[in-house]
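For reference, final17.cif (mmCIF, C-alpha atoms):
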data_model
loop_
_atom_site.label_atom_id
_atom_site.label_comp_id
_atom_site.auth_asym_id
_atom_site.auth_seq_id
_atom_site.Cartn_x
_atom_site.Cartn_y
_atom_site.Cartn_z
CA ALA X 414 10.49 -67.26 46.52
CA SER X 415 13.74 -68.22 44.87
CA PRO X 416 16.67 -65.80 45.28
CA PHE X 417 17.82 -66.75 41.79
CA ARG X 418 16.55 -64.96 38.73
CA GLU X 419 14.69 -66.98 36.14
CA GLY X 420 16.97 -68.44 33.48
CA LEU X 421 20.10 -67.85 35.55
CA LEU X 422 21.82 -70.91 34.04
CA GLU X 423 20.35 -70.61 30.56
CA GLY X 424 22.83 -71.88 27.97
CA LYS X 425 24.96 -73.68 30.57
CA VAL X 426 25.73 -77.40 30.57
CA ALA X 427 25.81 -79.19 33.94
CA PHE X 428 27.01 -82.73 34.67
CA VAL X 429 26.24 -84.33 38.04
CA ALA X 430 28.01 -87.57 38.95
CA GLY X 431 25.90 -89.40 41.51
CA GLY X 432 22.95 -87.29 40.41
CA THR X 433 20.38 -90.09 40.36
CA SER X 434 19.30 -89.72 44.01
CA GLY X 435 19.48 -87.67 47.19
CA ILE X 436 21.27 -84.34 47.42
CA ASN X 437 22.81 -84.67 43.99
CA LEU X 438 19.44 -85.23 42.34
CA GLY X 439 18.17 -82.11 44.12
CA ILE X 440 21.11 -80.16 42.70
CA ALA X 441 20.45 -81.46 39.20
CA LYS X 442 16.76 -80.53 39.42
CA ARG X 443 17.53 -76.99 40.47
CA PHE X 444 20.13 -76.55 37.74
CA ALA X 445 17.55 -77.66 35.17
CA GLU X 446 14.86 -75.38 36.61
CA LEU X 447 17.24 -72.45 36.21
CA GLY X 448 17.80 -73.22 32.55
CA ALA X 449 20.85 -75.49 32.41
CA SER X 450 21.09 -78.51 30.13
CA VAL X 451 21.65 -81.33 32.63
CA ALA X 452 23.18 -84.80 32.50
CA VAL X 453 23.21 -87.07 35.55
CA LEU X 454 25.22 -90.22 36.04
CA GLY X 455 24.85 -93.26 38.28
CA ARG X 456 25.68 -96.96 38.34
CA ASN X 457 22.11 -98.19 37.90
CA PRO X 458 20.65 -97.70 34.38
CA GLU X 459 17.04 -97.75 35.60
CA LYS X 460 17.71 -95.16 38.31
CA ALA X 461 19.56 -92.98 35.81
CA ALA X 462 16.64 -93.08 33.39
CA ASN X 463 14.12 -92.40 36.16
CA ALA X 464 16.20 -89.48 37.45
CA ALA X 465 16.32 -87.91 34.00
CA THR X 466 12.55 -88.22 33.74
CA GLU X 467 12.08 -86.71 37.20
CA ILE X 468 14.37 -83.80 36.37
CA GLY X 469 12.60 -83.12 33.09
CA HIS X 470 13.82 -80.31 30.84
CA GLN X 471 15.25 -82.94 28.44
CA ALA X 472 17.81 -84.09 31.02
CA ILE X 473 20.07 -87.01 30.12
CA GLY X 474 20.62 -90.06 32.34
CA LEU X 475 23.92 -91.92 31.90
CA THR X 476 25.38 -95.04 33.49
CA ALA X 477 28.95 -95.56 34.68
CA ASP X 478 30.93 -96.34 37.82
CA VAL X 479 33.04 -93.39 38.99
CA ARG X 480 35.72 -95.87 40.11
CA ASP X 481 36.31 -96.72 36.44
CA TYR X 482 38.21 -93.84 34.84
CA GLY X 483 37.65 -95.07 31.30
CA ALA X 484 33.90 -95.39 31.84
CA ILE X 485 33.51 -92.00 33.47
CA ARG X 486 35.61 -90.36 30.78
CA ALA X 487 33.47 -91.95 28.06
CA ALA X 488 30.30 -90.73 29.75
CA MET X 489 31.59 -87.17 29.92
CA GLU X 490 32.69 -87.29 26.30
CA GLU X 491 29.11 -88.27 25.48
CA VAL X 492 27.85 -85.25 27.43
CA ARG X 493 30.23 -83.01 25.49
CA GLY X 494 29.06 -84.50 22.21
CA ARG X 495 25.34 -84.23 22.96
CA LEU X 496 25.08 -81.04 25.03
CA GLY X 497 28.35 -79.17 24.46
CA ALA X 498 31.27 -78.20 26.68
CA MET X 499 30.50 -78.52 30.38
CA ASP X 500 30.17 -75.33 32.45
CA ILE X 501 29.41 -77.07 35.74
CA VAL X 502 30.66 -80.46 36.94
CA VAL X 503 29.50 -81.87 40.27
CA SER X 504 31.22 -84.91 41.76
CA GLY X 505 28.85 -86.31 44.35
CA ALA X 506 28.96 -90.10 44.10
CA ALA X 507 29.60 -91.56 47.55
CA GLY X 508 29.34 -94.70 49.62
CA ASN X 509 29.12 -95.01 53.39
CA PHE X 510 28.17 -97.27 56.29
CA LEU X 511 28.79 -97.33 60.04
CA ALA X 512 31.44 -99.69 61.37
CA PRO X 513 34.26 -99.63 63.93
CA VAL X 514 37.75 -100.07 62.52
CA LEU X 515 38.06 -103.54 64.07
CA GLY X 516 34.76 -104.50 62.48
CA MET X 517 35.73 -103.31 59.01
CA SER X 518 37.58 -105.26 56.37
CA ALA X 519 40.36 -103.73 54.30
CA ASN X 520 38.15 -104.14 51.26
CA ALA X 521 35.29 -102.25 52.89
CA PHE X 522 37.61 -99.35 53.73
CA ARG X 523 39.07 -99.38 50.22
CA THR X 524 35.63 -99.36 48.60
CA VAL X 525 34.53 -96.10 50.23
CA VAL X 526 37.85 -94.40 49.50
CA ASP X 527 37.64 -95.63 45.91
CA ILE X 528 34.12 -94.28 45.34
CA ASP X 529 34.46 -90.99 47.22
CA LEU X 530 38.07 -89.90 46.75
CA ASN X 531 39.22 -91.77 43.65
CA GLY X 532 35.83 -91.16 42.06
CA THR X 533 36.19 -87.41 42.57
CA PHE X 534 39.67 -87.53 41.05
CA ASN X 535 38.38 -89.50 38.07
CA VAL X 536 35.51 -87.08 37.42
CA PHE X 537 37.62 -83.94 37.70
CA ARG X 538 40.70 -85.30 35.93
CA GLY X 539 38.58 -86.72 33.16
CA CYS X 540 36.54 -83.58 32.50
CA HIS X 541 39.30 -80.97 32.26
CA ASP X 542 39.67 -80.80 28.49
CA LEU X 543 35.89 -81.09 28.05
CA LEU X 544 35.13 -77.92 29.99
CA ALA X 545 33.82 -74.58 28.78
CA PRO X 546 35.82 -71.45 29.69
CA ASN X 547 35.47 -70.35 33.34
CA ALA X 548 33.92 -73.68 34.32
CA SER X 549 32.98 -74.52 37.89
CA LEU X 550 33.85 -77.87 39.50
CA ILE X 551 32.03 -78.74 42.72
CA ALA X 552 32.86 -81.68 45.00
CA ILE X 553 30.41 -82.91 47.63
CA THR X 554 32.45 -83.29 50.80
CA ALA X 555 31.34 -83.73 54.43
CA GLY X 556 32.00 -82.75 58.02
CA GLN X 557 33.93 -86.00 58.52
CA ALA X 558 36.71 -84.39 56.49
CA VAL X 559 37.72 -82.27 59.48
CA ASN X 560 35.76 -83.68 62.42
CA PRO X 561 36.77 -87.22 63.48
CA MET X 562 33.78 -89.47 64.06
CA GLN X 563 33.58 -92.94 65.53
CA LEU X 564 32.44 -95.66 63.14
CA GLN X 565 33.46 -93.43 60.21
CA ALA X 566 37.21 -93.99 59.71
CA HIS X 567 36.68 -94.75 56.02
CA ALA X 568 34.51 -91.69 55.37
CA CYS X 569 36.79 -89.41 57.40
CA ALA X 570 39.80 -90.49 55.37
CA ALA X 571 38.01 -90.25 52.01
CA LYS X 572 36.43 -86.84 52.63
CA ALA X 573 39.66 -85.39 54.04
CA GLY X 574 41.34 -86.53 50.85
CA ILE X 575 38.66 -84.79 48.79
CA ASN X 576 39.25 -81.52 50.66
CA GLN X 577 42.96 -81.65 49.93
CA LEU X 578 42.35 -82.64 46.32
CA ILE X 579 40.13 -79.57 45.92
CA ARG X 580 42.90 -77.37 47.30
CA VAL X 581 45.51 -78.80 44.94
CA LEU X 582 43.29 -78.56 41.86
CA ALA X 583 42.42 -74.98 42.76
CA LEU X 584 46.10 -74.10 42.90
CA GLU X 585 46.90 -75.90 39.65
CA TRP X 586 43.81 -74.97 37.60
CA GLY X 587 42.62 -71.67 39.07
CA PRO X 588 41.60 -69.06 38.30
CA ASP X 589 40.54 -70.32 34.84
CA VAL X 590 38.69 -73.25 36.41
CA ARG X 591 37.00 -72.79 39.79
CA VAL X 592 37.26 -75.82 42.08
CA ASN X 593 35.10 -75.74 45.20
CA GLY X 594 33.34 -78.00 47.66
CA ILE X 595 30.02 -78.20 49.46
CA SER X 596 29.71 -79.80 52.90
CA PRO X 597 25.94 -80.20 53.13
CA GLY X 598 25.43 -81.33 56.71
CA VAL X 599 22.30 -83.37 57.38
CA VAL X 600 19.71 -83.53 54.62
CA ASP X 601 16.61 -85.67 55.10
CA THR X 602 16.86 -87.86 52.03
CA PRO X 603 15.96 -91.58 51.99
CA MET X 604 19.60 -92.35 52.83
CA TRP X 605 19.04 -90.87 56.28
CA ASP X 606 16.45 -93.50 57.16
CA HIS X 607 19.17 -96.11 56.66
CA VAL X 608 21.73 -94.05 58.59
CA ASP X 609 19.26 -93.58 61.45
CA SER X 610 18.69 -97.33 61.71
CA LEU X 611 22.45 -97.91 61.93
CA PHE X 612 22.82 -95.37 64.72
CA ALA X 613 19.93 -97.06 66.50
CA ARG X 614 21.87 -100.31 66.29
CA TYR X 615 25.26 -99.02 67.37
CA GLU X 616 24.19 -96.42 69.95
CA GLY X 617 21.09 -98.14 71.30
CA LEU X 618 18.82 -95.29 70.23
CA PRO X 619 15.14 -95.66 69.42
CA PRO X 620 14.31 -95.42 65.71
CA GLY X 621 14.20 -91.83 64.56
CA GLU X 622 16.08 -90.42 67.54
CA LYS X 623 19.41 -89.79 65.80
CA LYS X 624 17.66 -88.00 62.98
CA ARG X 625 15.81 -85.89 65.53
CA GLN X 626 19.04 -85.05 67.41
CA VAL X 627 21.09 -83.91 64.45
CA GLY X 628 18.43 -82.94 61.97
CA GLU X 629 16.48 -80.11 63.55
CA GLY X 630 15.40 -77.93 60.67
CA VAL X 631 16.81 -80.22 57.97
CA ASP X 632 15.75 -79.74 54.39
CA HIS X 633 13.68 -82.53 52.94
CA ASP X 634 15.58 -82.68 49.67
CA GLY X 635 18.52 -81.10 47.97
CA SER X 636 16.48 -78.61 45.99
CA THR X 637 15.04 -76.64 48.91
CA ALA X 638 18.39 -75.56 50.27
CA THR X 639 19.69 -74.83 46.80
CA GLN X 640 16.92 -72.28 46.40
CA ARG X 641 17.85 -70.71 49.73
CA ALA X 642 21.61 -70.82 49.27
CA ARG X 643 22.17 -67.11 48.83
CA SER X 644 19.89 -66.24 51.75
CA GLY X 645 22.20 -68.03 54.18
CA ALA X 646 21.00 -71.62 54.33
CA LYS X 647 23.82 -73.69 55.79
CA ARG X 648 22.49 -77.09 54.85
CA ALA X 649 22.53 -79.01 51.61
CA THR X 650 23.13 -77.72 48.16
CA GLN X 651 24.57 -74.25 47.75
CA ALA X 652 25.50 -75.53 44.32
CA VAL X 653 23.79 -72.82 42.30
CA HIS X 654 25.56 -70.10 44.25
CA THR X 655 28.90 -71.86 43.89
CA ALA X 656 28.46 -72.44 40.18
CA CYS X 657 27.53 -68.87 39.29
CA ALA X 658 30.02 -66.61 37.55
CA GLY X 659 29.94 -64.23 40.51
CA GLN X 660 32.13 -66.74 42.36
CA ALA X 661 34.87 -66.49 39.72
CA ARG X 662 37.39 -65.04 42.17
CA HIS X 663 36.90 -67.76 44.76
CA THR X 664 38.36 -71.21 44.54
CA ALA X 665 39.17 -74.00 47.02
CA HIS X 666 36.16 -72.77 49.01
CA TRP X 667 33.71 -74.78 51.15
CA LEU X 668 30.09 -73.91 51.77
CA GLY X 669 27.80 -75.64 54.18
CA GLN X 670 28.88 -76.14 57.77
CA PRO X 671 30.15 -73.56 60.28
CA ARG X 672 33.56 -72.23 59.31
CA ARG X 673 36.24 -72.45 61.94
CA SER X 674 39.21 -70.71 60.38
CA LYS X 675 40.40 -68.99 57.25
CA ARG X 676 43.85 -68.86 55.75
CA ARG X 677 45.18 -67.62 52.46
CA VAL X 678 46.84 -70.19 50.21
CA ASP X 679 48.03 -67.79 47.53
CA SER X 680 46.78 -64.77 45.67
CA ARG X 681 44.25 -66.85 43.78
CA ALA X 682 42.82 -69.24 46.37
CA MET X 683 41.00 -68.59 49.61
CA VAL X 684 40.43 -71.65 51.78
CA ASP X 685 37.64 -71.89 54.36
CA ARG X 686 37.77 -74.87 56.64
CA VAL X 687 34.47 -76.25 57.78
#

Conversion result in structure tokens:
Amino acid sequence: ASPFREGLLEGKVAFVAGGTSGINLGIAKRFAELGASVAVLGRNPEKAANAATEIGHQAIGLTADVRDYGAIRAAMEEVRGRLGAMDIVVSGAAGNFLAPVLGMSANAFRTVVDIDLNGTFNVFRGCHDLLAPNASLIAITAGQAVNPMQLQAHACAAKAGINQLIRVLALEWGPDVRVNGISPGVVDTPMWDHVDSLFARYEGLPPGEKKRQVGEGVDHDGSTATQRARSGAKRATQAVHTACAGQARHTAHWLGQPRRSKRRVDSRAMVDRV
């Protein structure tokens, strides 16, 4: 059974960048199931339309590249015009691959930083004056932000930048706007089949072994863990919990992976490092 009451997000407007697949699509589905009016955005028009159909509840599918500030701003203005001021904004568009630094071009490194970090900046900077009062902004970050990982220099740099961006925005915009992050850990979406094949290549593992090693007990989509967020699930999308008004006093906060330390930034912002 869901820990969330029926209609919890009734009357709320949620925008999910990168919400056409994977974890972000799971988040969007759960928001819609709980009553929110949902818009998802991706680069592929067909995937955006299919995602909106899959979500149901009259969800909207939009197309833009988060690396293009003008395009993302226009998309969010459309959301404001069609659905109203946004109560929840999720920035989850991301790109990744496995490669050693000496096997990676400068352009490849730049591309991931541009999608993940610059894309998060573009979404959050562009939405500020389109928000409803007491809005919640949620960035999808990752363990690479704090845990160095071979073959992931680009992702480590981009996600670390996202964590710091969240902190700064929380200090500048809180407490009127809550700015938080979710570090989902491993979620068994179709992306993981690709990731597993890359680990098989670089680490000499048999197909499926890396997923088995790191994915014991993984959720099979973003929606399952969202439903279990309040009951202590550490994987995937605690997005509903983070977006709820009960979190109004918390900002610059990460949910998802084991927390290693806690320090106070100022009277308005508590920071948990994952």

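When the PyMOL selection byres ((chain X and resi 564) around 6) is evaluated against the file, it yields Leu511, Ala512, Pro513, Gln563 and Gln565 of chain X.
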
Can you write just those residues out, C-alpha atoms, as a short mmCIF file (atom, residue, chain, number, x, y, z; two decimals), in the frame of the given file?
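Generated output (part-v4.cif):
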data_model
loop_
_atom_site.label_atom_id
_atom_site.label_comp_id
_atom_site.auth_asym_id
_atom_site.auth_seq_id
_atom_site.Cartn_x
_atom_site.Cartn_y
_atom_site.Cartn_z
CA LEU X 511 28.79 -97.33 60.04
CA ALA X 512 31.44 -99.69 61.37
CA PRO X 513 34.26 -99.63 63.93
CA GLN X 563 33.58 -92.94 65.53
CA GLN X 565 33.46 -93.43 60.21
#

#### Entry: Residues near range 481-494 of chain X, cut-off 7 Å, all atoms listed in the file, skip fewer than 4 positions along chain, as an MDAnalysis selection string
chainID X and resid 452 475 477 498:499 535:536 539:540 543

What does the file look like for those residues with C-alpha atoms, as a short mmCIF file (atom, residue, chain, number, x, y, z; two decimals), in the coordinates of the input?
data_model
loop_
_atom_site.label_atom_id
_atom_site.label_comp_id
_atom_site.auth_asym_id
_atom_site.auth_seq_id
_atom_site.Cartn_x
_atom_site.Cartn_y
_atom_site.Cartn_z
CA ALA X 452 23.18 -84.80 32.50
CA LEU X 475 23.92 -91.92 31.90
CA ALA X 477 28.95 -95.56 34.68
CA ALA X 498 31.27 -78.20 26.68
CA MET X 499 30.50 -78.52 30.38
CA ASN X 535 38.38 -89.50 38.07
CA VAL X 536 35.51 -87.08 37.42
CA GLY X 539 38.58 -86.72 33.16
CA CYS X 540 36.54 -83.58 32.50
CA LEU X 543 35.89 -81.09 28.05
#

### Task
Given the file shown, enumerate the residues that the PyMOL selection byres ((chain X and resi 502) around 12) captures and present them as a ChimeraX atom specification.
/X:425-432,437,440-441,444,449-454,489,492-493,498-501,503-505,533,535-541,543-545,547-553,590-594,652-653,655-656

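CA of Arg418 in chain X is found 23.9 Å from CA of Ile473 in chain X.
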
### Query
Closest to Ala465 in chain X among X:Gly439, X:Pro588, X:Gly508, X:Gly556, using all atoms listed in the file?
X:Gly439

### Query
Which residues match the PyMOL selection byres ((chain X and resi 509) around 10) in the file above, as a PyMOL selection string?
chain X and resi 507-508+510-512+521-522+524-526+528-529+565+567-568+604+608

### Message
As an exercise, work out the distance from CA of Cys569 in chain X to CA of Met517 in chain X in Å and give it to one decimal place.
### Response
14.0 Å

### Task
Please measure the separation of CA of Glu419 in chain X and CA of Leu447 in chain X, giving the value in Å to one decimal.
6.0 Å

### Message
Report as a PyMOL selection string all protein, DNA and RNA residues lying within 7 Å of Gly448 in chain X, evaluated on all atoms listed in the file, omitting residues in the same chain fewer than 6 positions from it.
### Response
chain X and resi 420-424

### Contacts of Ala570 in chain X within 9 Å, all atoms listed in the file, excl. fewer than 3 positions in-chain, as a ChimeraX atom specification
/X:526,530,557-558,565-567,573-575

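Proximity of X:Gln577, X:Lys624, X:Ala583, X:Ala555 to Thr602 in chain X, computed with only C-alpha atoms, is greatest for X:Lys624.
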